[in-house]
Amino acid sequence: MVYFLNEVEHKFIVLNLRPKIRVNPVPEELRGWNWHSPPLKPYYDLKLPMYLICNDYCKTGRDVYMTMVEGKRGEEDLSIRLGKAVHDAIAKAVRQARRLNFQARIEPDDAIQSAVKAVWDYTMAACRSAYLKARAEQPYASEEDVISTSIPFLVEHRMDGSLLGCSGIISVDCYDYLRNIVFDVKVTAMPTNARLHTTGYALVIESLYEIPVDIGCTVSISFRDNRMSVSKDIHFIDANLRSWWVEERDRKAEIVYNQTDPGKPESCPPKCMFRNECL
């Protein structure tokens with residue numbers, strides 16, 4: 001399953017990442033619970049969706065202007081629809097698995113549904129395997145305890161990001177509450193700014209629950225010739241990432257506050273939802 005880590009990934013976290021975190025901890029002023037003080041304190045009194053803060057579809061931020069000032073929605077292409085369908089399938093599969101309903105099935109009827117079925121089956125199989133292993137190893141544990149320890153994921157967890165200048169409702173793809181890892185899924189090649197999403201989620205979790213979240217994992221899922229492949233980028237949500245996120249939030253909030261069109265970029269990415277607005 002996309003949120004289960006394999007043996008090599010566990011070793012990387014325990015023997016490589018966590019020792020580095022202990023040596024180079026996150027400065028207190030960049031912890032989410034310091035949302036009321038600079039630099040985390042929002043400079044402008046407005047709320048931005050997390051995806052607008054973190055995305056880099058438009059280098060000038062004109063997508064932010066079109067969405068928040070002009071009120072336009074943009075056009076969703078196949079890749080965006082596929083991404084939404086895959087996110088939804090993973091979340092539903094995990095929820096069904098936590099109810100011990102491993103028999104649920106999806107019958108594909110188009111290209112998107114074929115991809116969804118692959119993700120669904122993969123997630124169900126991994127969750128069932130983890131549950132059966134935990135049940136065998138914990139024969140005296142309650143059913144609830146076995147589920148909680150074998151499938152320790154909050155999926156599409158709703159959070160209020162307003163303390164950090166984000167939208168009132170944010171949905172984090174997954175939070176592993178046993179290992180304290182926040183996940184973000186990309187149904188595409190890994191973008192250069194992918195780590196900003198896990199950084200934003202970590203800051204919001206810290207602002208609400210006042211627990212440190214130092215590790216993020218970006219999961220990239222791709223489909224080719226009816227086959228699914230999964231790769232992971234496990235990373236330290238360090239001071240540089242947190243500062244970068246704050247800079248992006250403030251830069252884009254300024255565009256909305258001033259209601260000034262930042263202009264077209266030199267080149268427009270083919271997957272931008274507002275591509276037709278700039279042609």
# chains A, B, ... in the order shown; residues from 1 in each chain; ligands from 1
>>> closest_atom_pairs(of="range 21-87 of chain A", to="range 193-215 of chain A", cutoff="9 Å", atoms="only C-alpha atoms", output="JSON lines")
{"residue": "A:Ile21", "atom": "CA", "partner": "A:Asp214", "partner_atom": "CA", "distance": 7.6}
{"residue": "A:Pro25", "atom": "CA", "partner": "A:Asp214", "partner_atom": "CA", "distance": 8.8}
{"residue": "A:Val26", "atom": "CA", "partner": "A:Asp214", "partner_atom": "CA", "distance": 8.0}
{"residue": "A:Leu30", "atom": "CA", "partner": "A:Leu203", "partner_atom": "CA", "distance": 8.3}
{"residue": "A:Arg31", "atom": "CA", "partner": "A:Leu203", "partner_atom": "CA", "distance": 6.6}
{"residue": "A:Gly32", "atom": "CA", "partner": "A:Ser207", "partner_atom": "CA", "distance": 4.2}
{"residue": "A:Trp33", "atom": "CA", "partner": "A:Ser207", "partner_atom": "CA", "distance": 4.1}
{"residue": "A:Asn34", "atom": "CA", "partner": "A:Ser207", "partner_atom": "CA", "distance": 7.1}
{"residue": "A:Trp35", "atom": "CA", "partner": "A:Ser207", "partner_atom": "CA", "distance": 6.5}
{"residue": "A:Met50", "atom": "CA", "partner": "A:Gly200", "partner_atom": "CA", "distance": 7.2}
{"residue": "A:Tyr51", "atom": "CA", "partner": "A:His197", "partner_atom": "CA", "distance": 7.6}
{"residue": "A:Ile53", "atom": "CA", "partner": "A:Leu196", "partner_atom": "CA", "distance": 8.5}
{"residue": "A:Cys54", "atom": "CA", "partner": "A:Leu196", "partner_atom": "CA", "distance": 5.5}
{"residue": "A:Asn55", "atom": "CA", "partner": "A:Asn193", "partner_atom": "CA", "distance": 7.3}
{"residue": "A:Asp56", "atom": "CA", "partner": "A:Asn193", "partner_atom": "CA", "distance": 7.1}
>>> write_last_selection(atoms="C-alpha atoms", output="PDB file, in the first residue's frame")
ATOM      1  CA  ILE A  21      16.970  15.484  12.717  1.00  0.00           C
ATOM      2  CA  PRO A  25      16.505  20.239  14.909  1.00  0.00           C
ATOM      3  CA  VAL A  26      13.864  22.593  13.556  1.00  0.00           C
ATOM      4  CA  LEU A  30       9.381  27.611  12.517  1.00  0.00           C
ATOM      5  CA  ARG A  31       7.214  25.174  14.448  1.00  0.00           C
ATOM      6  CA  GLY A  32       3.524  25.407  13.606  1.00  0.00           C
ATOM      7  CA  TRP A  33       2.544  26.069  17.221  1.00  0.00           C
ATOM      8  CA  ASN A  34       4.270  29.468  16.908  1.00  0.00           C
ATOM      9  CA  TRP A  35       1.686  30.560  14.335  1.00  0.00           C
ATOM     10  CA  MET A  50      -3.102  24.798   0.480  1.00  0.00           C
ATOM     11  CA  TYR A  51      -2.873  23.697  -3.151  1.00  0.00           C
ATOM     12  CA  ILE A  53       0.276  27.957  -1.826  1.00  0.00           C
ATOM     13  CA  CYS A  54       2.216  24.837  -2.785  1.00  0.00           C
ATOM     14  CA  ASN A  55       1.596  24.432  -6.515  1.00  0.00           C
ATOM     15  CA  ASP A  56       3.975  25.942  -9.048  1.00  0.00           C
TER      16      ASP A  56
END
>>> residues_around(residues="range 162-179 of chain A", least_positions_apart="6", cutoff="6 Å", atoms="only C-alpha atoms", output="number ranges by chain")
A: 35, 42, 47-49, 152-156
>>> closest_atom_pairs(of="range 178-230 of chain A", to="range 117-140 of chain A", cutoff="10 Å", atoms="only C-alpha atoms", output="Markdown table")
| residue | atom | partner | partner_atom | distance |
| --- | --- | --- | --- | --- |
| A:Ile221 | CA | A:Val119 | CA | 9.0 |
| A:Phe223 | CA | A:Ala118 | CA | 9.3 |
| A:Asn226 | CA | A:Ala118 | CA | 8.5 |
| A:Arg227 | CA | A:Ala118 | CA | 7.9 |
| A:Met228 | CA | A:Ala118 | CA | 6.9 |
| A:Ser229 | CA | A:Val119 | CA | 9.8 |
>>> closest_residue(among="A:Ser243, A:Ser37, A:Asn101, A:Ser79", to="Lys186 in chain A", atoms="only C-alpha atoms")
A:Ser79
>>> atom_distance(atom1="CA of Ile151 in chain A", atom2="CA of Phe102 in chain A")
12.9 Å
>>> select_by_dssp(residues="range 130-240 of chain A", states="strand (DSSP E)", output="ChimeraX atom specification")
/A:153-159,170-176,181-186,215-224,227-236
>>> residues_around(residues="Lys59 in chain A", least_positions_apart="5", cutoff="9 Å", atoms="only C-alpha atoms", output="ChimeraX atom specification")
/A:264-268
